[in-house]
>>> print(open('run-v4.txt').read())   # compact mmCIF, C-alpha atoms
# COMPACT_ATOMS: atom_id res chain seq x y z
CA MET A 1 -27.70 -42.11 -46.39
CA SER A 2 -28.04 -44.60 -43.52
CA ASP A 3 -27.01 -45.07 -39.91
CA SER A 4 -23.35 -46.10 -40.33
CA PRO A 5 -19.93 -44.97 -39.08
CA THR A 6 -18.92 -43.56 -42.48
CA PRO A 7 -19.32 -39.80 -43.10
CA TYR A 8 -22.99 -38.97 -43.64
CA GLY A 9 -23.71 -42.70 -43.36
CA LEU A 10 -23.10 -42.98 -47.11
CA ILE A 11 -23.37 -46.31 -48.91
CA GLU A 12 -21.83 -46.30 -52.39
CA ASP A 13 -23.70 -48.15 -55.16
CA ALA A 14 -26.57 -48.85 -52.81
CA ALA A 15 -29.88 -50.64 -53.25
CA ILE A 16 -33.07 -49.86 -51.36
CA VAL A 17 -35.89 -52.40 -51.17
CA THR A 18 -39.34 -51.04 -50.36
CA LYS A 19 -42.55 -52.88 -49.55
CA GLY A 20 -45.65 -50.75 -49.44
CA GLU A 21 -44.87 -47.60 -47.48
CA MET A 22 -41.85 -49.07 -45.70
CA ILE A 23 -38.20 -49.82 -46.37
CA GLU A 24 -37.47 -53.53 -46.14
CA TRP A 25 -33.72 -53.63 -46.88
CA VAL A 26 -30.84 -51.20 -47.51
CA GLY A 27 -27.25 -51.97 -48.38
CA PRO A 28 -24.65 -52.26 -51.14
CA ALA A 29 -26.28 -53.48 -54.35
CA ALA A 30 -23.66 -56.23 -54.57
CA GLU A 31 -25.00 -57.65 -51.30
CA LEU A 32 -28.68 -57.65 -52.28
CA PRO A 33 -30.25 -60.81 -50.78
CA SER A 34 -31.33 -63.38 -53.34
CA GLN A 35 -35.03 -63.15 -52.43
CA TYR A 36 -35.11 -59.63 -53.87
CA GLU A 37 -33.31 -60.35 -57.16
CA ASP A 38 -36.49 -60.86 -59.20
CA MET A 39 -38.33 -57.81 -57.87
CA PRO A 40 -39.13 -54.94 -60.26
CA ARG A 41 -36.29 -52.43 -60.28
CA GLU A 42 -36.05 -48.69 -60.82
CA SER A 43 -32.67 -47.10 -61.41
CA LEU A 44 -32.06 -43.72 -59.81
CA GLY A 45 -29.09 -43.14 -62.08
CA GLY A 46 -26.47 -42.94 -59.37
CA GLN A 47 -28.16 -39.98 -57.68
CA LEU A 48 -27.73 -39.27 -53.98
CA VAL A 49 -30.62 -40.51 -51.82
CA THR A 50 -31.36 -39.10 -48.37
CA PRO A 51 -34.32 -39.46 -46.06
CA GLY A 52 -37.19 -37.17 -46.96
CA LEU A 53 -36.57 -33.87 -45.20
CA ILE A 54 -38.51 -32.94 -42.07
CA ASP A 55 -39.50 -29.39 -41.14
CA CYS A 56 -40.08 -29.81 -37.41
CA HIS A 57 -41.14 -26.26 -36.45
CA THR A 58 -43.56 -24.19 -38.54
CA HIS A 59 -46.45 -21.77 -38.12
CA ILE A 60 -47.42 -22.26 -41.75
CA VAL A 61 -51.19 -21.99 -41.20
CA HIS A 62 -52.21 -18.38 -40.57
CA GLY A 63 -54.11 -15.43 -41.96
CA GLY A 64 -52.57 -12.31 -43.45
CA ASP A 65 -48.92 -11.24 -43.46
CA ARG A 66 -46.69 -8.80 -41.60
CA ALA A 67 -44.68 -7.15 -44.37
CA VAL A 68 -45.31 -3.70 -42.86
CA GLU A 69 -43.76 -4.80 -39.56
CA PHE A 70 -40.75 -6.03 -41.50
CA GLU A 71 -40.38 -2.48 -42.75
CA MET A 72 -40.85 -1.08 -39.21
CA ARG A 73 -38.03 -3.23 -37.88
CA LEU A 74 -35.76 -2.08 -40.67
CA LYS A 75 -36.46 1.47 -39.51
CA GLY A 76 -35.27 0.63 -36.03
CA ALA A 77 -38.11 -0.96 -34.04
CA SER A 78 -37.17 -4.14 -32.18
CA TYR A 79 -39.30 -7.30 -32.31
CA GLU A 80 -40.24 -6.73 -28.66
CA GLU A 81 -41.16 -3.08 -29.31
CA VAL A 82 -43.36 -4.11 -32.23
CA ALA A 83 -45.07 -6.72 -30.09
CA ARG A 84 -45.69 -4.36 -27.17
CA ALA A 85 -47.18 -1.80 -29.57
CA GLY A 86 -49.85 -4.30 -30.58
CA GLY A 87 -48.02 -5.83 -33.51
CA GLY A 88 -46.16 -9.09 -33.69
CA ILE A 89 -48.08 -12.27 -32.97
CA VAL A 90 -51.22 -10.46 -31.88
CA SER A 91 -51.45 -8.60 -35.21
CA THR A 92 -51.80 -11.92 -37.03
CA VAL A 93 -54.57 -13.01 -34.68
CA SER A 94 -57.17 -10.69 -36.20
CA ALA A 95 -56.56 -11.91 -39.75
CA THR A 96 -56.58 -15.54 -38.62
CA ARG A 97 -59.78 -15.14 -36.62
CA ASP A 98 -61.46 -13.76 -39.75
CA ALA A 99 -60.39 -16.72 -41.92
CA SER A 100 -62.41 -19.89 -42.51
CA VAL A 101 -60.83 -23.35 -42.49
CA ASP A 102 -60.92 -23.37 -46.29
CA ALA A 103 -59.27 -19.95 -46.46
CA LEU A 104 -56.53 -21.03 -44.07
CA ILE A 105 -55.87 -24.14 -46.15
CA ALA A 106 -55.80 -22.19 -49.40
CA SER A 107 -53.33 -19.63 -48.09
CA ALA A 108 -51.08 -22.30 -46.57
CA LEU A 109 -50.84 -24.60 -49.59
CA PRO A 110 -48.44 -22.44 -51.66
CA ARG A 111 -46.08 -22.34 -48.69
CA VAL A 112 -46.44 -26.10 -48.23
CA ASP A 113 -45.75 -26.65 -51.93
CA ALA A 114 -42.50 -24.71 -51.68
CA LEU A 115 -41.30 -27.03 -48.94
CA LEU A 116 -42.42 -30.20 -50.72
CA ALA A 117 -40.52 -29.06 -53.81
CA GLU A 118 -37.35 -29.29 -51.69
CA GLY A 119 -37.98 -32.88 -50.63
CA VAL A 120 -39.91 -32.35 -47.40
CA SER A 121 -41.98 -35.36 -46.36
CA VAL A 122 -42.98 -34.42 -42.79
CA LEU A 123 -44.27 -31.04 -41.71
CA GLU A 124 -45.00 -29.84 -38.18
CA ILE A 125 -47.74 -27.20 -37.99
CA LYS A 126 -48.62 -25.18 -34.89
CA SER A 127 -51.76 -23.36 -33.87
CA GLY A 128 -51.33 -20.17 -31.83
CA TYR A 129 -52.76 -17.39 -33.97
CA GLY A 130 -56.32 -17.84 -32.76
CA LEU A 131 -55.96 -17.40 -29.00
CA ASP A 132 -59.62 -18.29 -28.60
CA LEU A 133 -61.30 -21.67 -28.69
CA GLU A 134 -62.95 -21.57 -32.09
CA THR A 135 -60.01 -20.13 -34.04
CA GLU A 136 -57.46 -22.44 -32.45
CA LEU A 137 -59.65 -25.39 -33.44
CA ARG A 138 -60.01 -24.03 -36.99
CA MET A 139 -56.25 -23.73 -37.31
CA LEU A 140 -55.72 -27.30 -36.18
CA ARG A 141 -58.45 -28.58 -38.50
CA ALA A 142 -56.80 -26.74 -41.38
CA ALA A 143 -53.42 -28.22 -40.42
CA ARG A 144 -54.83 -31.74 -40.38
CA ALA A 145 -56.47 -31.13 -43.78
CA ILE A 146 -53.15 -30.22 -45.40
CA ALA A 147 -52.29 -33.94 -45.48
CA GLN A 148 -55.52 -34.59 -47.43
CA HIS A 149 -54.53 -32.05 -50.08
CA ARG A 150 -50.85 -32.93 -50.43
CA PRO A 151 -48.66 -36.07 -50.05
CA VAL A 152 -47.06 -35.08 -46.74
CA ARG A 153 -47.31 -36.19 -43.14
CA VAL A 154 -48.53 -33.43 -40.84
CA VAL A 155 -47.74 -33.37 -37.12
CA THR A 156 -49.75 -30.81 -35.15
CA SER A 157 -48.74 -28.83 -32.07
CA PHE A 158 -51.23 -26.93 -29.92
CA LEU A 159 -49.70 -23.52 -29.22
CA GLY A 160 -52.46 -21.79 -27.31
CA ALA A 161 -49.82 -20.34 -24.98
CA HIS A 162 -48.33 -18.24 -27.77
CA ALA A 163 -49.35 -14.71 -26.76
CA VAL A 164 -51.87 -12.92 -24.57
CA PRO A 165 -54.78 -11.71 -26.73
CA GLY A 166 -56.02 -8.14 -26.42
CA GLU A 167 -59.14 -9.10 -24.53
CA PHE A 168 -56.94 -10.56 -21.77
CA LYS A 169 -54.37 -7.75 -21.70
CA ASP A 170 -52.54 -7.75 -18.34
CA ARG A 171 -54.41 -10.95 -17.36
CA PRO A 172 -52.21 -13.77 -18.66
CA ASP A 173 -53.14 -16.13 -15.83
CA ALA A 174 -56.82 -15.73 -16.60
CA TYR A 175 -56.12 -16.45 -20.27
CA ILE A 176 -54.23 -19.64 -19.43
CA ASP A 177 -56.97 -20.92 -17.10
CA GLU A 178 -60.07 -19.73 -18.95
CA ILE A 179 -59.08 -20.11 -22.62
CA CYS A 180 -55.80 -21.92 -23.22
CA ILE A 181 -56.24 -25.05 -21.12
CA PRO A 182 -59.97 -25.56 -21.92
CA THR A 183 -59.15 -25.15 -25.63
CA LEU A 184 -56.37 -27.72 -25.34
CA ARG A 185 -58.82 -30.18 -23.83
CA ALA A 186 -61.35 -29.51 -26.61
CA ALA A 187 -58.73 -29.90 -29.34
CA HIS A 188 -57.47 -33.13 -27.82
CA ALA A 189 -61.01 -34.50 -27.60
CA GLU A 190 -61.38 -33.84 -31.34
CA GLY A 191 -58.12 -35.67 -32.11
CA LEU A 192 -56.38 -32.55 -33.36
CA VAL A 193 -53.29 -32.47 -31.14
CA ASP A 194 -50.04 -34.44 -31.42
CA ALA A 195 -47.99 -32.27 -29.01
CA VAL A 196 -48.31 -29.16 -26.86
CA ASP A 197 -46.09 -26.11 -27.29
CA GLY A 198 -45.71 -22.74 -25.58
CA PHE A 199 -43.78 -19.47 -25.79
CA CYS A 200 -41.82 -18.87 -22.60
CA GLU A 201 -40.67 -15.26 -22.79
CA GLY A 202 -41.25 -11.89 -21.14
CA ILE A 203 -43.55 -10.81 -23.97
CA ALA A 204 -45.51 -14.06 -23.73
CA PHE A 205 -45.74 -16.41 -20.71
CA LEU A 206 -43.63 -17.03 -17.63
CA PRO A 207 -42.40 -20.49 -16.60
CA ASP A 208 -45.09 -21.04 -13.94
CA GLN A 209 -47.80 -20.25 -16.49
CA ILE A 210 -46.27 -22.62 -19.05
CA ALA A 211 -46.02 -25.27 -16.34
CA ARG A 212 -49.81 -25.20 -15.87
CA VAL A 213 -50.27 -25.84 -19.59
CA PHE A 214 -47.72 -28.65 -19.48
CA ASP A 215 -49.48 -30.18 -16.49
CA ALA A 216 -52.68 -30.30 -18.54
CA ALA A 217 -50.77 -31.83 -21.45
CA THR A 218 -49.29 -34.47 -19.18
CA GLU A 219 -52.74 -35.29 -17.84
CA LEU A 220 -53.91 -35.82 -21.43
CA GLY A 221 -50.89 -37.99 -22.28
CA LEU A 222 -49.49 -35.48 -24.78
CA PRO A 223 -45.77 -34.74 -25.26
CA VAL A 224 -44.56 -31.16 -24.88
CA LYS A 225 -42.10 -28.82 -26.58
CA LEU A 226 -41.28 -25.16 -25.98
CA HIS A 227 -40.19 -21.90 -27.59
CA ALA A 228 -37.44 -21.14 -25.07
CA GLU A 229 -34.62 -18.67 -24.52
CA GLN A 230 -35.20 -16.78 -27.77
CA LEU A 231 -34.98 -13.23 -26.42
CA SER A 232 -33.80 -13.82 -22.85
CA ASN A 233 -33.08 -16.64 -20.42
CA LEU A 234 -36.09 -17.43 -18.25
CA GLY A 235 -35.10 -21.06 -17.72
CA GLY A 236 -37.67 -22.31 -20.20
CA ALA A 237 -35.48 -25.05 -21.61
CA LYS A 238 -34.78 -26.42 -18.14
CA LEU A 239 -38.52 -26.33 -17.42
CA ALA A 240 -39.25 -28.15 -20.68
CA ALA A 241 -36.61 -30.76 -19.89
CA SER A 242 -38.20 -31.37 -16.48
CA TYR A 243 -41.31 -32.50 -18.38
CA GLY A 244 -39.27 -34.73 -20.69
CA ALA A 245 -39.95 -32.36 -23.59
CA LEU A 246 -39.40 -33.51 -27.14
CA SER A 247 -37.62 -30.25 -27.94
CA ALA A 248 -36.68 -26.77 -26.85
CA ASP A 249 -36.67 -24.38 -29.81
CA HIS A 250 -34.82 -21.14 -30.67
CA ILE A 251 -32.53 -21.35 -27.57
CA GLU A 252 -30.25 -18.41 -28.45
CA TYR A 253 -29.94 -17.43 -24.77
CA LEU A 254 -29.67 -21.00 -23.47
CA ASP A 255 -27.05 -21.41 -20.73
CA GLU A 256 -25.00 -24.50 -19.91
CA ASP A 257 -27.31 -25.55 -17.06
CA GLY A 258 -30.15 -25.60 -19.56
CA VAL A 259 -28.04 -27.58 -22.03
CA ILE A 260 -27.21 -30.16 -19.36
CA ALA A 261 -30.88 -30.47 -18.38
CA MET A 262 -31.80 -31.05 -22.02
CA ALA A 263 -29.06 -33.66 -22.41
CA GLU A 264 -30.26 -35.55 -19.35
CA ALA A 265 -33.87 -35.48 -20.53
CA GLY A 266 -33.10 -36.39 -24.15
CA THR A 267 -34.64 -33.11 -25.31
CA VAL A 268 -33.68 -32.02 -28.83
CA GLY A 269 -32.44 -28.48 -29.43
CA VAL A 270 -34.22 -27.01 -32.46
CA VAL A 271 -32.15 -24.25 -34.06
CA LEU A 272 -34.08 -21.67 -36.10
CA PRO A 273 -31.71 -19.46 -38.11
CA GLY A 274 -34.54 -17.87 -40.11
CA ALA A 275 -35.83 -15.93 -37.10
CA PHE A 276 -32.28 -15.05 -36.04
CA TYR A 277 -31.63 -13.64 -39.51
CA THR A 278 -34.95 -11.83 -39.95
CA LEU A 279 -34.81 -10.19 -36.51
CA ARG A 280 -31.13 -9.31 -37.04
CA GLU A 281 -30.22 -10.92 -33.74
CA THR A 282 -26.64 -11.16 -32.53
CA GLN A 283 -26.96 -13.71 -29.69
CA LYS A 284 -26.21 -17.08 -31.27
CA PRO A 285 -27.41 -20.44 -29.93
CA PRO A 286 -24.71 -22.31 -27.95
CA ILE A 287 -23.78 -24.81 -30.65
CA ASP A 288 -20.49 -25.81 -28.99
CA ALA A 289 -22.22 -26.50 -25.65
CA LEU A 290 -24.90 -28.56 -27.37
CA ARG A 291 -22.16 -30.59 -29.08
CA LYS A 292 -20.19 -30.95 -25.85
CA HIS A 293 -23.13 -32.40 -23.94
CA GLY A 294 -24.48 -34.50 -26.79
CA VAL A 295 -27.77 -32.68 -27.29
CA PRO A 296 -29.19 -33.59 -30.72
CA MET A 297 -29.58 -30.50 -32.90
CA ALA A 298 -32.49 -30.17 -35.31
CA LEU A 299 -33.14 -27.41 -37.83
CA ALA A 300 -36.42 -25.95 -39.07
CA THR A 301 -37.71 -23.02 -41.10
CA ASP A 302 -39.92 -21.60 -38.32
CA CYS A 303 -42.09 -20.53 -41.26
CA ASN A 304 -44.31 -17.75 -39.89
CA PRO A 305 -45.59 -14.36 -41.05
CA GLY A 306 -43.55 -12.23 -38.67
CA SER A 307 -40.10 -13.36 -37.61
CA SER A 308 -39.30 -16.02 -40.23
CA PRO A 309 -41.31 -15.77 -43.46
CA MET A 310 -39.16 -18.53 -44.97
CA THR A 311 -40.25 -21.60 -46.93
CA SER A 312 -36.88 -23.16 -47.75
CA LEU A 313 -35.36 -25.89 -45.63
CA LEU A 314 -32.30 -25.92 -47.89
CA LEU A 315 -31.70 -22.24 -47.14
CA THR A 316 -32.18 -23.05 -43.45
CA MET A 317 -29.34 -25.56 -43.71
CA ASN A 318 -27.06 -23.01 -45.36
CA MET A 319 -27.89 -20.39 -42.72
CA ALA A 320 -27.15 -22.82 -39.88
CA CYS A 321 -23.72 -23.50 -41.34
CA THR A 322 -22.90 -19.91 -42.29
CA LEU A 323 -24.36 -18.10 -39.26
CA PHE A 324 -23.86 -20.69 -36.51
CA ARG A 325 -20.91 -22.75 -37.84
CA MET A 326 -22.79 -26.02 -37.86
CA THR A 327 -21.24 -28.54 -40.24
CA PRO A 328 -23.06 -29.65 -43.41
CA GLU A 329 -23.38 -33.13 -41.90
CA GLU A 330 -24.94 -31.69 -38.73
CA ALA A 331 -27.29 -29.66 -40.90
CA LEU A 332 -28.43 -32.73 -42.83
CA GLN A 333 -28.95 -34.66 -39.60
CA GLY A 334 -30.84 -31.64 -38.33
CA VAL A 335 -33.48 -31.88 -41.05
CA THR A 336 -33.72 -35.69 -41.01
CA ARG A 337 -32.86 -37.90 -38.03
CA ASN A 338 -32.82 -35.20 -35.33
CA ALA A 339 -35.90 -33.47 -36.73
CA ALA A 340 -37.73 -36.79 -36.43
CA LYS A 341 -36.62 -37.02 -32.78
CA ALA A 342 -37.91 -33.49 -32.18
CA LEU A 343 -41.35 -34.71 -33.27
CA GLY A 344 -41.20 -38.06 -31.49
CA LEU A 345 -41.27 -39.95 -34.80
CA THR A 346 -39.48 -43.29 -34.66
CA GLU A 347 -40.23 -44.43 -38.21
CA SER A 348 -38.93 -41.36 -40.07
CA GLY A 349 -35.66 -39.54 -40.64
CA GLU A 350 -33.43 -42.43 -41.76
CA VAL A 351 -32.92 -44.65 -44.77
CA ALA A 352 -33.00 -47.96 -42.94
CA SER A 353 -34.94 -51.19 -42.72
CA GLY A 354 -38.21 -50.72 -40.86
CA LYS A 355 -38.42 -46.98 -41.62
CA ARG A 356 -40.92 -45.25 -43.89
CA ALA A 357 -39.98 -45.09 -47.55
CA ASP A 358 -39.92 -41.29 -47.54
CA LEU A 359 -36.91 -40.41 -49.67
CA ALA A 360 -35.37 -37.42 -51.43
CA VAL A 361 -33.31 -38.06 -54.56
CA TRP A 362 -30.78 -35.34 -55.35
CA ASP A 363 -28.86 -34.44 -58.49
CA ILE A 364 -25.60 -33.83 -56.62
CA THR A 365 -22.31 -35.63 -56.10
CA HIS A 366 -21.74 -34.91 -52.40
CA PRO A 367 -24.24 -34.32 -49.58
CA ALA A 368 -22.42 -31.15 -48.47
CA GLU A 369 -23.91 -29.49 -51.56
CA LEU A 370 -27.30 -29.42 -49.85
CA ALA A 371 -26.02 -26.89 -47.33
CA TYR A 372 -23.45 -25.24 -49.59
CA ARG A 373 -25.59 -23.74 -52.34
CA ILE A 374 -27.78 -20.66 -51.88
CA GLY A 375 -31.07 -20.34 -53.74
CA PHE A 376 -30.55 -23.57 -55.69
CA ASN A 377 -32.73 -26.66 -55.47
CA PRO A 378 -31.11 -29.88 -56.77
CA LEU A 379 -34.06 -32.17 -55.98
CA HIS A 380 -34.39 -34.85 -58.67
CA ALA A 381 -37.33 -36.78 -57.22
CA ARG A 382 -39.40 -37.01 -54.07
CA ILE A 383 -40.66 -40.40 -52.87
CA PHE A 384 -43.39 -40.44 -50.23
CA GLY A 385 -44.45 -43.71 -48.68
CA GLY A 386 -42.78 -45.60 -51.51
CA GLN A 387 -44.59 -43.60 -54.19
CA SER A 388 -42.90 -41.04 -56.44
>>> encode(input="run-v4.txt", output="structure tokens")
Amino acid sequence: MSDSPTPYGLIEDAAIVTKGEMIEWVGPAAELPSQYEDMPRESLGGQLVTPGLIDCHTHIVHGGDRAVEFEMRLKGASYEEVARAGGGIVSTVSATRDASVDALIASALPRVDALLAEGVSVLEIKSGYGLDLETELRMLRAARAIAQHRPVRVVTSFLGAHAVPGEFKDRPDAYIDEICIPTLRAAHAEGLVDAVDGFCEGIAFLPDQIARVFDAATELGLPVKLHAEQLSNLGGAKLAASYGALSADHIEYLDEDGVIAMAEAGTVGVVLPGAFYTLRETQKPPIDALRKHGVPMALATDCNPGSSPMTSLLLTMNMACTLFRMTPEEALQGVTRNAAKALGLTESGEVASGKRADLAVWDITHPAELAYRIGFNPLHARIFGGQS
């Protein structure tokens, strides 16, 4: 799969030349330049090759689980009601605060392995379950360490503005100024932060509070992204776009003004069907408006213990097509090229010269099969940085 005008960018009978971790040449095998003819060759047996998949929105590092809350919601409690009763995000905070870096790594690795088994090569991991300086730093250290334990690239997002912890109940501004922003500065000083995220929602933080966090991020030279318009429309996506955000994520309640702002800023819309499904939502993201205004659409698992305990990017693709009527081609772009854009990665997400040799080799005949099947993994081989 490459950047070409043909459907999916497919090249039949293709050859891919790699040098070290990078792709040096891609094209029809019949057009292979003569300087490559004597290189060692490995046949992939006519299998389909795509870029390695990218999961651009996860909360995969955390303590504990929230299976009981899942049961509560099935008995009628809404996500917001669970959160206001002391559950939701805050309920994970206690378990995460009690976990060491090693414990956080150990609990995350099985979830990471499930994603790698489906051809994932890049994984975004957020903090946000510590909500105090030391735990947020431990989460980010654990996230960084994942790449030392597994062949995967990890991109970290500081999500200190995820929820108001119990000790700051009814004092969100104090939390932002006294904990969130100082912790961001400390994490950045330790080299733990690639981007800054926030949760702009009535049960979390209002736009002016998020703006203070984004101002600090801008001062530090860090890109921003935002959980926006998931449960209501507070104008979070428009706010994110005003900061040139990499992405606005969830976006079920996004209006056309927000879509236009994202289009003008080049902000990617990250669609998260796992949370929509788990929370049994009915408000769908505005896929047609995103198409109309040319906003790139990415997909991600949103892997987290509460609203999307999902570790399958292939299932995410199927859900996006089935629930939101995205096309299989849009879904594949959403977990490759557009997911790379959502993370600000210029060297990933495409099979092209000058890109990383992160590839997924599939035992299928047509790329639509990746989104079509449910509970089936056709991965034949995973190549990371030119190494299988």
>>> closest_residue(input="run-v4.txt", among="A:Glu71, A:Glu219, A:Glu80, A:Glu31", to="Glu201 (chain A)", atoms="all atoms listed in the file")
A:Glu80
>>> closest_residue(input="run-v4.txt", among="A:Glu124, A:Glu330, A:Asp358, A:Glu69", to="Pro305 (chain A)", atoms="all atoms listed in the file")
A:Glu69
>>> closest_residue(input="run-v4.txt", among="A:Ile203, A:Ala161, A:Ala237, A:Ile125", to="Ala300 (chain A)", atoms="only C-alpha atoms")
A:Ile125
>>> closest_atom_pairs(input="run-v4.txt", of="region 224-312 of chain A", to="region 47-58 of chain A", cutoff="12 Å", atoms="only C-alpha atoms", output="JSON lines")
{"residue": "A:Lys225", "atom": "CA", "partner": "A:His57", "partner_atom": "CA", "distance": 10.2}
{"residue": "A:Leu226", "atom": "CA", "partner": "A:His57", "partner_atom": "CA", "distance": 10.5}
{"residue": "A:His227", "atom": "CA", "partner": "A:His57", "partner_atom": "CA", "distance": 9.9}
{"residue": "A:Leu246", "atom": "CA", "partner": "A:Cys56", "partner_atom": "CA", "distance": 10.9}
{"residue": "A:Ser247", "atom": "CA", "partner": "A:Cys56", "partner_atom": "CA", "distance": 9.8}
{"residue": "A:Ala248", "atom": "CA", "partner": "A:His57", "partner_atom": "CA", "distance": 10.6}
{"residue": "A:Asp249", "atom": "CA", "partner": "A:His57", "partner_atom": "CA", "distance": 8.2}
{"residue": "A:His250", "atom": "CA", "partner": "A:His57", "partner_atom": "CA", "distance": 10.0}
{"residue": "A:Val268", "atom": "CA", "partner": "A:Cys56", "partner_atom": "CA", "distance": 10.9}
{"residue": "A:Gly269", "atom": "CA", "partner": "A:Cys56", "partner_atom": "CA", "distance": 11.1}
{"residue": "A:Val270", "atom": "CA", "partner": "A:His57", "partner_atom": "CA", "distance": 8.0}
{"residue": "A:Val271", "atom": "CA", "partner": "A:His57", "partner_atom": "CA", "distance": 9.5}
{"residue": "A:Leu272", "atom": "CA", "partner": "A:His57", "partner_atom": "CA", "distance": 8.4}
{"residue": "A:Pro273", "atom": "CA", "partner": "A:His57", "partner_atom": "CA", "distance": 11.7}
{"residue": "A:Gly274", "atom": "CA", "partner": "A:Thr58", "partner_atom": "CA", "distance": 11.1}
{"residue": "A:Ala275", "atom": "CA", "partner": "A:Thr58", "partner_atom": "CA", "distance": 11.4}
{"residue": "A:Met297", "atom": "CA", "partner": "A:Cys56", "partner_atom": "CA", "distance": 11.4}
{"residue": "A:Ala298", "atom": "CA", "partner": "A:Cys56", "partner_atom": "CA", "distance": 7.9}
{"residue": "A:Leu299", "atom": "CA", "partner": "A:Cys56", "partner_atom": "CA", "distance": 7.4}
{"residue": "A:Ala300", "atom": "CA", "partner": "A:Asp55", "partner_atom": "CA", "distance": 5.1}
{"residue": "A:Thr301", "atom": "CA", "partner": "A:Thr58", "partner_atom": "CA", "distance": 6.5}
{"residue": "A:Asp302", "atom": "CA", "partner": "A:Thr58", "partner_atom": "CA", "distance": 4.5}
{"residue": "A:Cys303", "atom": "CA", "partner": "A:Thr58", "partner_atom": "CA", "distance": 4.8}
{"residue": "A:Asn304", "atom": "CA", "partner": "A:Thr58", "partner_atom": "CA", "distance": 6.6}
{"residue": "A:Pro305", "atom": "CA", "partner": "A:Thr58", "partner_atom": "CA", "distance": 10.3}
{"residue": "A:Gly306", "atom": "CA", "partner": "A:Thr58", "partner_atom": "CA", "distance": 12.0}
{"residue": "A:Ser307", "atom": "CA", "partner": "A:Thr58", "partner_atom": "CA", "distance": 11.4}
{"residue": "A:Ser308", "atom": "CA", "partner": "A:Thr58", "partner_atom": "CA", "distance": 9.4}
{"residue": "A:Pro309", "atom": "CA", "partner": "A:Thr58", "partner_atom": "CA", "distance": 10.0}
{"residue": "A:Met310", "atom": "CA", "partner": "A:Thr58", "partner_atom": "CA", "distance": 9.6}
{"residue": "A:Thr311", "atom": "CA", "partner": "A:Thr58", "partner_atom": "CA", "distance": 9.4}
{"residue": "A:Ser312", "atom": "CA", "partner": "A:Asp55", "partner_atom": "CA", "distance": 9.5}
>>> residues_around(input="run-v4.txt", residues="region 175-188 of chain A", least_positions_apart="6", cutoff="12 Å", atoms="only C-alpha atoms", output="PyMOL selection string")
chain A and resi 127-128+130-141+144+156-169+194-198+204-206+208-222
>>> atom_distance(input="run-v4.txt", atom1="CA of Cys321 (chain A)", atom2="CA of Ile16 (chain A)")
29.7 Å
>>> closest_residue(input="run-v4.txt", among="A:Leu314, A:Met72, A:Pro172, A:Val351", to="Ala15 (chain A)", atoms="all atoms listed in the file")
A:Val351
>>> closest_residue(input="run-v4.txt", among="A:Tyr243, A:Trp25, A:Phe376, A:Tyr8", to="Ala357 (chain A)", atoms="all atoms listed in the file")
A:Trp25
>>> atom_distance(input="run-v4.txt", atom1="CA of Met262 (chain A)", atom2="CA of Val154 (chain A)")
25.3 Å
